[in-house]
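Coordinates from data.cif are shown below (mmCIF, C-alpha atoms).
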data_protein
#
loop_
_atom_site.label_atom_id
_atom_site.label_comp_id
_atom_site.auth_asym_id
_atom_site.auth_seq_id
_atom_site.Cartn_x
_atom_site.Cartn_y
_atom_site.Cartn_z
CA MET Z 1 -16.05 33.58 -22.63
CA PRO Z 2 -12.39 32.80 -22.14
CA THR Z 3 -11.05 29.53 -23.53
CA VAL Z 4 -9.46 26.71 -21.56
CA ALA Z 5 -6.05 27.94 -22.66
CA ASP Z 6 -6.85 31.45 -21.37
CA ILE Z 7 -7.81 30.08 -17.97
CA GLU Z 8 -4.73 27.91 -17.82
CA GLU Z 9 -2.57 30.90 -18.55
CA LEU Z 10 -4.41 32.91 -15.94
CA LEU Z 11 -3.84 30.21 -13.34
CA GLU Z 12 -0.11 30.33 -14.07
CA GLU Z 13 -0.23 33.21 -11.60
CA VAL Z 14 -1.41 30.98 -8.76
CA LYS Z 15 1.66 29.83 -6.87
CA ASP Z 16 2.25 27.23 -4.21
CA PRO Z 17 1.96 29.33 -1.03
CA GLU Z 18 4.85 27.46 0.54
CA ILE Z 19 7.12 27.55 -2.52
CA PRO Z 20 6.04 30.83 -4.11
CA VAL Z 21 8.20 30.45 -7.24
CA ILE Z 22 6.33 27.49 -8.67
CA SER Z 23 2.80 27.65 -10.05
CA ILE Z 24 0.15 25.08 -9.25
CA ARG Z 25 0.22 24.18 -12.93
CA GLU Z 26 3.95 23.47 -12.92
CA LEU Z 27 3.49 21.54 -9.69
CA GLY Z 28 0.88 19.29 -11.30
CA VAL Z 29 -1.73 20.28 -8.71
CA LEU Z 30 -3.90 21.83 -11.42
CA ARG Z 31 -5.52 18.81 -13.03
CA GLU Z 32 -8.22 20.07 -15.32
CA VAL Z 33 -9.89 23.20 -16.58
CA LYS Z 34 -13.30 22.99 -18.20
CA VAL Z 35 -15.38 25.75 -19.73
CA LEU Z 36 -19.02 24.71 -19.65
CA GLY Z 37 -21.12 27.40 -21.23
CA ASP Z 38 -20.55 30.44 -19.06
CA GLU Z 39 -19.16 28.45 -16.17
CA VAL Z 40 -15.53 27.55 -15.45
CA GLU Z 41 -14.76 24.36 -13.60
CA VAL Z 42 -11.26 23.86 -12.20
CA THR Z 43 -10.06 20.60 -10.66
CA ILE Z 44 -7.09 20.50 -8.33
CA THR Z 45 -5.53 17.58 -6.47
CA PRO Z 46 -3.70 17.61 -3.15
CA THR Z 47 -0.02 16.70 -2.95
CA TYR Z 48 -0.57 15.08 0.45
CA SER Z 49 -3.85 14.16 2.18
CA GLY Z 50 -3.11 16.65 4.92
CA CYS Z 51 -1.46 19.37 2.87
CA PRO Z 52 -2.47 22.61 4.61
CA ALA Z 53 -1.66 24.60 1.46
CA MET Z 54 -4.60 23.04 -0.39
CA ASP Z 55 -7.23 25.33 1.10
CA VAL Z 56 -5.07 28.35 0.31
CA MET Z 57 -4.54 27.20 -3.28
CA LYS Z 58 -8.28 26.75 -3.71
CA ILE Z 59 -8.94 30.26 -2.45
CA ASP Z 60 -6.16 31.64 -4.67
CA VAL Z 61 -7.68 29.96 -7.74
CA GLU Z 62 -11.10 31.37 -6.88
CA LYS Z 63 -9.58 34.82 -6.41
CA ALA Z 64 -7.73 34.67 -9.73
CA LEU Z 65 -10.92 33.68 -11.56
CA HIS Z 66 -12.94 36.33 -9.77
CA ASP Z 67 -10.35 39.04 -10.46
CA ALA Z 68 -10.39 38.11 -14.14
CA GLY Z 69 -14.09 38.95 -14.21
CA ILE Z 70 -15.34 35.39 -14.40
CA GLU Z 71 -18.60 35.23 -12.53
CA ARG Z 72 -19.52 31.59 -12.46
CA PHE Z 73 -16.87 29.12 -11.43
CA SER Z 74 -16.27 26.15 -9.15
CA VAL Z 75 -13.07 24.61 -7.83
CA LYS Z 76 -13.23 20.88 -7.20
CA GLN Z 77 -10.79 18.63 -5.45
CA ALA Z 78 -10.04 15.19 -6.86
CA LEU Z 79 -8.03 12.56 -4.97
CA SER Z 80 -7.74 10.07 -7.77
CA PRO Z 81 -5.50 9.56 -9.65
CA ALA Z 82 -3.16 10.37 -6.81
CA TRP Z 83 -0.71 13.20 -7.31
CA SER Z 84 2.85 12.17 -8.05
CA THR Z 85 6.06 14.16 -8.05
CA ASP Z 86 6.44 12.92 -11.63
CA TRP Z 87 3.76 15.47 -12.53
CA ILE Z 88 6.05 18.38 -11.74
CA SER Z 89 7.01 19.86 -15.10
CA GLU Z 90 10.62 20.26 -16.25
CA ARG Z 91 10.26 24.01 -15.85
CA GLY Z 92 8.91 23.44 -12.36
CA ARG Z 93 11.88 21.24 -11.48
CA LYS Z 94 14.27 23.90 -12.70
CA LYS Z 95 12.50 26.54 -10.60
CA LEU Z 96 12.69 24.38 -7.50
CA LEU Z 97 16.41 23.95 -8.01
CA ASP Z 98 16.94 27.69 -8.50
CA TYR Z 99 14.94 28.30 -5.33
CA GLY Z 100 17.30 26.02 -3.37
CA ILE Z 101 15.13 22.92 -3.19
CA ALA Z 102 16.49 19.77 -4.79
CA PRO Z 103 13.86 18.49 -7.25
CA PRO Z 104 12.41 15.03 -6.59
CA PRO Z 105 13.98 11.91 -8.02
CA HIS Z 106 11.72 10.22 -10.59
CA SER Z 107 9.52 7.57 -9.04
CA ALA Z 108 10.39 5.27 -11.92
CA ASP Z 109 13.38 4.81 -9.67
CA ILE Z 110 11.53 2.40 -7.40
CA ARG Z 111 14.49 2.32 -5.01
CA THR Z 112 13.43 5.75 -3.85
CA LEU Z 113 9.98 4.63 -2.77
CA LYS Z 114 11.35 1.41 -1.36
CA GLY Z 115 13.72 3.31 0.82
CA GLY Z 116 17.09 3.28 -0.89
CA ALA Z 117 18.41 6.82 -0.54
CA PRO Z 118 18.60 8.49 -3.96
CA VAL Z 119 21.74 10.28 -5.03
CA THR Z 120 20.86 13.90 -4.41
CA ALA Z 121 22.90 16.84 -5.62
CA CYS Z 122 23.17 19.88 -3.37
CA PRO Z 123 21.13 22.74 -4.91
CA GLN Z 124 23.70 25.24 -3.59
CA CYS Z 125 27.02 23.83 -4.79
CA GLY Z 126 26.07 20.83 -6.93
CA SER Z 127 28.06 18.35 -4.86
CA THR Z 128 26.62 14.84 -4.65
CA ASP Z 129 28.35 14.26 -1.32
CA THR Z 130 25.11 14.77 0.57
CA VAL Z 131 23.44 12.95 3.42
CA LEU Z 132 19.81 12.45 4.41
CA VAL Z 133 19.11 13.99 7.84
CA SER Z 134 15.39 13.21 8.04
CA HIS Z 135 12.68 11.90 5.72
CA PHE Z 136 10.45 14.69 7.00
CA GLY Z 137 11.49 18.27 6.33
CA SER Z 138 9.93 21.70 6.64
CA THR Z 139 6.70 20.48 5.03
CA ALA Z 140 5.20 17.03 4.41
CA CYS Z 141 6.46 17.06 0.83
CA LYS Z 142 10.13 17.65 1.65
CA ALA Z 143 12.99 15.70 3.21
CA LEU Z 144 15.89 17.31 5.01
CA TYR Z 145 19.41 16.88 3.65
CA LYS Z 146 22.87 18.18 4.48
CA CYS Z 147 25.69 18.82 2.02
CA ASN Z 148 29.07 17.55 3.20
CA THR Z 149 30.93 19.79 0.75
CA CYS Z 150 29.46 23.25 1.38
CA LYS Z 151 28.04 22.24 4.80
CA GLU Z 152 24.67 23.79 3.98
CA PRO Z 153 21.41 22.08 4.91
CA PHE Z 154 18.81 21.85 2.14
CA ASP Z 155 15.37 20.46 1.35
CA LEU Z 156 14.68 17.73 -1.16
CA PHE Z 157 11.21 17.63 -2.71
CA LYS Z 158 10.66 14.00 -1.90
CA CYS Z 159 9.48 11.40 -4.30
CA LEU Z 160 5.82 10.52 -4.04
CA MET H 1 -26.43 -4.77 8.55
CA THR H 2 -26.73 -3.37 5.05
CA VAL H 3 -23.69 -2.53 2.96
CA GLN H 4 -24.55 1.15 3.37
CA GLU H 5 -24.63 0.90 7.18
CA ALA H 6 -21.44 -1.10 7.17
CA LEU H 7 -19.76 1.45 4.92
CA PHE H 8 -20.67 4.27 7.30
CA ARG H 9 -19.19 2.45 10.28
CA TYR H 10 -16.14 1.41 8.33
CA ALA H 11 -15.39 4.89 7.00
CA LEU H 12 -15.78 6.19 10.55
CA ARG H 13 -13.40 3.50 11.83
CA LEU H 14 -10.75 4.33 9.23
CA GLY H 15 -11.15 8.02 9.99
CA ASP H 16 -11.08 7.54 13.76
CA ASN H 17 -7.95 5.37 13.66
CA SER H 18 -6.12 8.03 11.67
CA LEU H 19 -7.51 10.96 13.63
CA VAL H 20 -6.74 9.54 17.07
CA LEU H 21 -3.26 8.37 16.15
CA GLY H 22 -2.63 11.68 14.40
CA HIS H 23 -3.67 13.54 17.53
CA ARG H 24 -1.44 11.37 19.72
CA ASN H 25 1.53 11.94 17.40
CA SER H 26 0.85 15.66 17.34
CA GLU H 27 1.38 15.71 21.12
CA TRP H 28 5.10 15.50 20.33
CA CYS H 29 4.99 18.85 18.58
CA GLY H 30 7.33 21.09 20.56
CA HIS H 31 8.38 18.14 22.75
CA GLY H 32 10.28 15.89 20.33
CA PRO H 33 13.52 14.29 21.53
CA VAL H 34 15.39 15.98 18.68
CA LEU H 35 14.24 18.71 16.31
CA GLU H 36 14.12 16.42 13.27
CA GLU H 37 11.84 13.98 15.06
CA ASP H 38 9.64 16.75 16.34
CA ILE H 39 9.13 17.80 12.72
CA ALA H 40 8.72 14.21 11.53
CA GLN H 41 5.96 13.50 14.06
CA ALA H 42 4.15 16.69 13.14
CA ASN H 43 4.35 15.75 9.46
CA ILE H 44 3.11 12.23 10.06
CA ALA H 45 0.29 13.59 12.21
CA LEU H 46 -0.64 15.93 9.38
CA ASP H 47 -0.83 13.03 6.91
CA LEU H 48 -3.01 11.04 9.29
CA ILE H 49 -5.34 13.93 10.07
CA GLY H 50 -5.60 14.64 6.33
CA GLN H 51 -6.63 11.02 5.76
CA ALA H 52 -9.11 11.31 8.62
CA ARG H 53 -10.68 14.35 6.96
CA ASN H 54 -11.19 12.38 3.76
CA TYR H 55 -12.72 9.45 5.61
CA LEU H 56 -14.97 11.46 7.90
CA THR H 57 -16.24 13.58 5.00
CA TYR H 58 -17.10 10.37 3.19
CA ALA H 59 -18.72 8.85 6.29
CA GLY H 60 -20.92 11.94 6.59
CA GLU H 61 -21.99 11.61 2.96
CA VAL H 62 -22.74 7.90 3.30
CA GLU H 63 -24.79 8.55 6.43
CA ASP H 64 -26.63 11.33 4.59
CA LYS H 65 -27.80 13.21 7.67
CA GLY H 66 -25.84 16.35 6.96
CA ARG H 67 -22.95 15.72 9.35
CA SER H 68 -19.69 17.28 8.17
CA GLU H 69 -16.16 16.06 8.91
CA ASP H 70 -16.00 18.61 11.73
CA ALA H 71 -19.30 17.49 13.25
CA LEU H 72 -18.07 13.91 13.24
CA ALA H 73 -14.67 14.76 14.68
CA TYR H 74 -15.69 17.30 17.31
CA LEU H 75 -19.20 16.42 18.32
CA ARG H 76 -19.15 12.68 18.80
CA GLY H 77 -18.62 11.31 22.28
CA GLU H 78 -16.14 8.66 23.30
CA ARG H 79 -18.59 5.78 22.89
CA GLU H 80 -19.28 6.82 19.30
CA TYR H 81 -15.61 6.64 18.35
CA LEU H 82 -14.82 3.36 16.63
CA ASN H 83 -11.01 3.32 16.59
CA VAL H 84 -8.94 0.43 17.92
CA HIS H 85 -7.41 0.71 21.39
CA LEU H 86 -3.85 0.68 20.08
CA VAL H 87 -4.06 4.20 18.65
CA GLU H 88 -5.63 5.86 21.70
CA LEU H 89 -3.04 4.84 24.31
CA PRO H 90 -0.89 7.66 25.70
CA LYS H 91 2.21 8.46 23.68
CA GLY H 92 4.57 7.36 26.49
CA ASP H 93 8.30 7.78 25.94
CA TYR H 94 9.71 7.92 22.44
CA ALA H 95 10.37 4.16 22.32
CA ARG H 96 6.70 3.52 23.08
CA THR H 97 5.56 6.02 20.48
CA ILE H 98 7.77 4.35 17.87
CA VAL H 99 6.69 0.81 18.78
CA ARG H 100 3.02 1.81 18.64
CA SER H 101 3.49 3.56 15.31
CA PHE H 102 5.38 0.60 13.92
CA LEU H 103 2.72 -1.93 14.96
CA PHE H 104 0.05 0.27 13.40
CA ASP H 105 1.98 1.27 10.25
CA ALA H 106 2.80 -2.38 9.50
CA PHE H 107 -0.98 -2.98 9.50
CA HIS H 108 -1.93 0.30 7.85
CA LEU H 109 0.19 -0.15 4.72
CA PRO H 110 -1.19 -3.52 3.54
CA LEU H 111 -4.69 -2.31 4.51
CA GLN H 112 -4.39 0.79 2.34
CA GLN H 113 -2.83 -1.23 -0.48
CA ALA H 114 -5.83 -3.55 -0.38
CA LEU H 115 -8.33 -0.68 -0.24
CA ALA H 116 -6.65 0.85 -3.28
CA THR H 117 -7.77 -2.20 -5.27
CA GLY H 118 -11.21 -2.51 -3.65
CA LYS H 119 -14.62 -1.98 -5.21
CA ASP H 120 -15.54 1.31 -3.57
CA GLU H 121 -14.31 4.16 -5.78
CA ARG H 122 -14.09 6.69 -2.97
CA LEU H 123 -12.18 4.46 -0.55
CA LYS H 124 -9.97 3.55 -3.46
CA GLY H 125 -9.16 7.19 -4.21
CA ILE H 126 -8.35 7.96 -0.59
CA ALA H 127 -6.19 4.85 -0.37
CA GLU H 128 -4.24 5.64 -3.54
CA LYS H 129 -3.01 8.78 -1.82
CA ALA H 130 -2.60 7.24 1.61
CA VAL H 131 -0.48 4.31 0.38
CA LYS H 132 2.33 6.65 -0.59
CA GLU H 133 2.21 8.49 2.73
CA VAL H 134 1.98 5.37 4.85
CA THR H 135 4.97 3.90 3.01
CA TYR H 136 7.02 6.75 4.48
CA HIS H 137 5.46 6.28 7.92
CA LEU H 138 6.36 2.61 8.04
CA ARG H 139 9.86 3.34 6.87
CA HIS H 140 10.26 5.97 9.58
CA SER H 141 8.97 3.82 12.44
CA SER H 142 10.92 0.76 11.23
CA GLU H 143 14.18 2.68 11.10
CA TRP H 144 13.71 4.07 14.61
CA LEU H 145 12.70 0.69 15.97
CA VAL H 146 15.95 -0.79 14.66
CA ARG H 147 17.87 2.14 16.11
CA PHE H 148 16.31 1.61 19.56
CA GLY H 149 16.37 -2.18 19.55
CA ASP H 150 19.90 -2.47 18.23
CA GLY H 151 21.12 0.65 20.08
CA THR H 152 22.14 0.90 23.72
CA ASP H 153 21.09 -1.43 26.53
CA GLU H 154 18.72 1.26 27.77
CA SER H 155 17.07 1.90 24.40
CA HIS H 156 16.77 -1.84 23.82
CA ARG H 157 15.18 -2.34 27.22
CA ARG H 158 12.64 0.42 26.67
CA ALA H 159 11.72 -0.76 23.17
CA GLN H 160 11.27 -4.35 24.33
CA GLU H 161 9.15 -3.24 27.29
CA ALA H 162 6.92 -1.15 25.05
CA LEU H 163 6.58 -4.05 22.64
CA ASP H 164 5.65 -6.45 25.45
CA ASP H 165 3.07 -3.99 26.79
CA LEU H 166 1.51 -3.03 23.47
CA TRP H 167 1.34 -6.52 21.99
CA ARG H 168 -2.00 -7.21 23.67
CA TYR H 169 -3.52 -4.38 21.61
CA THR H 170 -2.58 -5.87 18.24
CA GLY H 171 -5.22 -8.62 18.22
CA GLU H 172 -8.03 -6.13 17.74
CA LEU H 173 -6.54 -4.92 14.45
CA PHE H 174 -7.28 -8.29 12.87
CA THR H 175 -10.55 -9.27 14.51
CA PRO H 176 -13.31 -8.22 12.12
CA ASP H 177 -16.55 -6.74 13.38
CA GLU H 178 -19.82 -7.11 11.51
CA ALA H 179 -19.18 -4.07 9.28
CA GLU H 180 -15.82 -5.45 8.18
CA GLU H 181 -17.35 -8.84 7.45
CA VAL H 182 -20.16 -7.36 5.39
CA LEU H 183 -17.72 -5.23 3.39
CA ALA H 184 -15.25 -8.07 2.89
CA GLN H 185 -18.15 -10.08 1.46
CA ALA H 186 -18.97 -7.19 -0.88
CA GLY H 187 -15.35 -6.89 -2.06
CA ILE H 188 -14.98 -3.40 -0.59
CA ALA H 189 -12.75 -4.15 2.40
CA PRO H 190 -10.03 -6.78 2.57
CA LYS H 191 -10.20 -9.90 4.71
CA LEU H 192 -8.25 -9.14 7.84
CA ASP H 193 -6.48 -12.48 8.03
CA THR H 194 -4.68 -11.73 4.77
CA ILE H 195 -3.60 -8.36 6.20
CA ARG H 196 -2.40 -10.16 9.32
CA MET H 197 -0.08 -12.35 7.27
CA GLU H 198 1.61 -9.34 5.73
CA TRP H 199 1.74 -7.56 9.08
CA SER H 200 3.28 -10.58 10.71
CA ALA H 201 5.99 -10.88 8.04
CA THR H 202 6.91 -7.19 8.41
CA VAL H 203 6.96 -7.46 12.20
CA ASP H 204 9.24 -10.50 12.12
CA ARG H 205 11.61 -8.93 9.62
CA VAL H 206 12.01 -5.63 11.46
CA LEU H 207 12.12 -7.13 14.97
CA LYS H 208 14.89 -9.44 13.84
CA GLU H 209 16.92 -6.53 12.55
CA ALA H 210 16.17 -4.63 15.76
CA THR H 211 17.29 -7.63 17.87
CA LEU H 212 13.95 -7.50 19.68
CA THR H 213 11.90 -10.52 20.71
CA ARG H 214 8.39 -11.00 19.35
CA PRO H 215 6.07 -11.47 22.34
CA ALA H 216 3.92 -14.59 22.51
CA ASP H 217 0.24 -14.07 21.65
CA GLY H 218 -1.80 -14.07 24.85
CA TRP H 219 -4.94 -12.30 25.99
CA MET H 220 -5.88 -9.56 23.55
CA ALA H 221 -7.75 -6.36 24.41
CA SER H 222 -10.76 -5.43 22.30
CA GLY H 223 -13.83 -3.23 22.32
CA GLY H 224 -12.68 -0.14 20.45
CA LYS H 225 -14.40 -1.21 17.26
CA LYS H 226 -17.76 -1.10 19.02
CA GLY H 227 -17.03 2.08 20.95
CA VAL H 228 -15.85 0.62 24.26
CA HIS H 229 -12.55 2.32 24.96
CA THR H 230 -9.71 2.45 27.45
CA GLU H 231 -9.73 5.23 30.06
CA HIS H 232 -7.35 7.21 27.84
CA LEU H 233 -9.61 8.18 24.94
CA GLY H 234 -12.08 10.32 26.89
CA PRO H 235 -9.53 12.83 28.22
CA MET H 236 -7.88 13.02 24.80
CA LEU H 237 -11.19 13.84 23.11
CA ALA H 238 -12.03 16.35 25.86
CA GLU H 239 -8.88 18.24 24.95
CA MET H 240 -9.37 17.87 21.20
CA GLN H 241 -13.01 18.93 21.29
CA THR H 242 -13.00 21.62 23.94
CA LEU H 243 -13.07 24.56 21.55
CA GLN H 244 -16.05 23.31 19.51
CA ARG H 245 -17.87 22.20 22.65
CA SER H 246 -17.34 25.55 24.36
CA TYR H 247 -18.06 27.73 21.34
CA PRO H 248 -20.36 25.71 19.06
CA GLY H 249 -19.85 26.45 15.38
CA VAL H 250 -16.80 28.63 15.92
CA GLU H 251 -14.48 28.87 12.92
CA TRP H 252 -10.72 29.22 13.05
#

Show how you would write the structure in this file as structure tokens.
Amino acid sequence: MPTVADIEELLEEVKDPEIPVISIRELGVLREVKVLGDEVEVTITPTYSGCPAMDVMKIDVEKALHDAGIERFSVKQALSPAWSTDWISERGRKKLLDYGIAPPPHSADIRTLKGGAPVTACPQCGSTDTVLVSHFGSTACKALYKCNTCKEPFDLFKCL
Amino acid sequence: MTVQEALFRYALRLGDNSLVLGHRNSEWCGHGPVLEEDIAQANIALDLIGQARNYLTYAGEVEDKGRSEDALAYLRGEREYLNVHLVELPKGDYARTIVRSFLFDAFHLPLQQALATGKDERLKGIAEKAVKEVTYHLRHSSEWLVRFGDGTDESHRRAQEALDDLWRYTGELFTPDEAEEVLAQAGIAPKLDTIRMEWSATVDRVLKEATLTRPADGWMASGGKKGVHTEHLGPMLAEMQTLQRSYPGVEW
């Protein structure tokens, strides 16, 4: 039987279908892996209540486990504790930035949740002369920004 | 009414409020006044429908008769829906949509905050997620309300008209039915008069900034909580349910 670490490594291959550079582990969506006898139990948590990528991620996890020859497994969804952007790993944040999505501000910065616009650097040119266009971007988890320096629009993974 | 029966009705109510408002907001998809708002409404609708899925799944489990979230959403008739009237009214123009969302969001946020500290683990888990989403919803509707109210004469006029029209639907939010009373007693649901105080403070603060006038409390509509709806819910459900009704059990 594979160990928990083996499974975790295996699931590194399961990416967010909407941001295919970041794994569900780096995203913090993968909450727990348990090996119970000959059965693997994986727990994932949604980023947003209505995140349409959740069903795809569940299927992708099941496929990865199946392809690795694991016969008995279950994928559970847990709502609590609620996912936070603070769970995105440092490596995940770096990957988002490289992909052209500004990583989320830390929620420890309560101003962000309370509505004060965070200072957001443009992922293209690094300028901080950026402006919020809309709190709701291409997906529920992103806000739409515009850079005044390079004039490019970009997504910010918004703080949750 | 036992706590179990009350919990079923309450989970349905929470789900129905989110589902119906989510469906109404989704009607803007492809019709938004500007692209960013089109996307924003679709996103907010997605959050609400996601919350509805959580609630309806739970309601089905509490009822324990094998009804899934889909069965509850697609196969219940109008009189079995327990949402408040406010959420089922037509979307109207964008000012009306924003005013309706604002009046609901200002109620929804303190409600979810209270549920997140309640005694029912499942409602608590759903609320912990929803609180973060609804915080964004309230911020969005508040900002647009200020923009309309403190904008041009025309936008101000339309926002004030919508506010005057919709005010009569706010009373129902805070009038508990038996299920809410039973659950408040059990420490599962909050007392609605405490939610009303928070709602009222938010409304006053934002209306002031929006230079809009808070309407006087007069006659208040009610009935949604016991399944008696306005003439608008039936046609909306007919559209929402037509696929499942026409092809029972069909999967996307």

So what does the PyMOL selection byres ((chain Z) within 10 of (chain H)) actually pick up in this one, as a PDB file with C-alpha atoms, keeping the file's coordinate frame?
ATOM      1  CA  PRO Z  46      -3.700  17.610  -3.150  1.00  0.00           C
ATOM      2  CA  THR Z  47      -0.020  16.700  -2.950  1.00  0.00           C
ATOM      3  CA  TYR Z  48      -0.570  15.080   0.450  1.00  0.00           C
ATOM      4  CA  SER Z  49      -3.850  14.160   2.180  1.00  0.00           C
ATOM      5  CA  GLY Z  50      -3.110  16.650   4.920  1.00  0.00           C
ATOM      6  CA  CYS Z  51      -1.460  19.370   2.870  1.00  0.00           C
ATOM      7  CA  PRO Z  52      -2.470  22.610   4.610  1.00  0.00           C
ATOM      8  CA  ALA Z  78     -10.040  15.190  -6.860  1.00  0.00           C
ATOM      9  CA  LEU Z  79      -8.030  12.560  -4.970  1.00  0.00           C
ATOM     10  CA  SER Z  80      -7.740  10.070  -7.770  1.00  0.00           C
ATOM     11  CA  PRO Z  81      -5.500   9.560  -9.650  1.00  0.00           C
ATOM     12  CA  ALA Z  82      -3.160  10.370  -6.810  1.00  0.00           C
ATOM     13  CA  TRP Z  83      -0.710  13.200  -7.310  1.00  0.00           C
ATOM     14  CA  SER Z  84       2.850  12.170  -8.050  1.00  0.00           C
ATOM     15  CA  LEU Z 113       9.980   4.630  -2.770  1.00  0.00           C
ATOM     16  CA  LYS Z 114      11.350   1.410  -1.360  1.00  0.00           C
ATOM     17  CA  GLY Z 115      13.720   3.310   0.820  1.00  0.00           C
ATOM     18  CA  VAL Z 133      19.110  13.990   7.840  1.00  0.00           C
ATOM     19  CA  SER Z 134      15.390  13.210   8.040  1.00  0.00           C
ATOM     20  CA  HIS Z 135      12.680  11.900   5.720  1.00  0.00           C
ATOM     21  CA  PHE Z 136      10.450  14.690   7.000  1.00  0.00           C
ATOM     22  CA  GLY Z 137      11.490  18.270   6.330  1.00  0.00           C
ATOM     23  CA  SER Z 138       9.930  21.700   6.640  1.00  0.00           C
ATOM     24  CA  THR Z 139       6.700  20.480   5.030  1.00  0.00           C
ATOM     25  CA  ALA Z 140       5.200  17.030   4.410  1.00  0.00           C
ATOM     26  CA  CYS Z 141       6.460  17.060   0.830  1.00  0.00           C
ATOM     27  CA  LYS Z 142      10.130  17.650   1.650  1.00  0.00           C
ATOM     28  CA  ALA Z 143      12.990  15.700   3.210  1.00  0.00           C
ATOM     29  CA  LEU Z 144      15.890  17.310   5.010  1.00  0.00           C
ATOM     30  CA  CYS Z 159       9.480  11.400  -4.300  1.00  0.00           C
ATOM     31  CA  LEU Z 160       5.820  10.520  -4.040  1.00  0.00           C
TER      32      LEU Z 160
END

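Between CA of Arg76 in chain H and CA of Lys225 in chain H lies a distance of 14.8 Å.
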
Problem - Residue neighbourhood Gly126 in chain Z, 12 Å, all atoms listed in the file, exclusion window fewer than 4 positions, as a VMD selection string - result: chain Z and resid 97 to 98 100 to 102 119 to 122 130 147 to 152 154

Exercise for the section: I need the residue set behind the PyMOL selection byres ((chain Z and resi 1) around 7) for this file; please write it as a VMD selection string. Expected result: chain Z and resid 2 to 3 38

Exercise for the section: Determine, counting all atoms listed in the file, which protein, DNA and RNA residues have an atom within 8 Å of an atom of Val75 in chain Z; residues of the same chain fewer than 5 positions away are not included. Present the result as a VMD selection string. Expected result: chain Z and resid 41 to 44 58 61 to 62

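In this model, the gap between CA of Leu72 in chain H and CA of Thr170 in chain H comes to 25.6 Å.
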
Extending 8 Å beyond the listed atoms of range 187-197 of chain H on each side, what axis-aligned box results? I want centre and edge lengths in Å to one decimal, as JSON.
{"center_x": -7.7, "center_y": -7.9, "center_z": 3.6, "size_x": 31.3, "size_y": 25.1, "size_z": 27.4}

Practice task
Starting from the displayed file, determine the output of the PyMOL selection byres ((chain Z and resi 131) around 6) and express the residue list as a PyMOL selection string.
Solution key: chain Z and resi 130+132+145-146

Problem - Distance of CA of Trp199 in chain H from CA of Leu103 in chain H, expressed in Å to one decimal place - result: 8.2 Å

Problem - Sphere at (12.3, 10.5, 23.3), radius 9 Å, counting only C-alpha atoms: residues as a PyMOL selection string - result: chain H and resi 31-34+37+92-97

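When the distance limit is 7 Å and all atoms listed in the file are what count, the residues near Glu172 in chain H, minus those fewer than 4 positions from it on the same chain, are H:Val84, H:Ala221, H:Ser222.
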
Practice task
Could you tell me which of H:Asn83, H:Thr152, H:Thr117, H:Ser18 comes closest to Thr211 in chain H if we count only C-alpha atoms?
Solution key: H:Thr152

Handout entry: Within 12 Å of range 59-62 of chain H using all atoms listed in the file, minus same-chain residues under 2 positions, as number ranges by chain
Key = H: 3-16, 52-57, 64-73, 120, 122-123

Handout entry: Protein, DNA and RNA residues within 12 Å of (4.4, -1.9, 23.3), all atoms listed in the file, as a ChimeraX atom specification
Key = /H:86-87,89-104,145,157-170,212-215
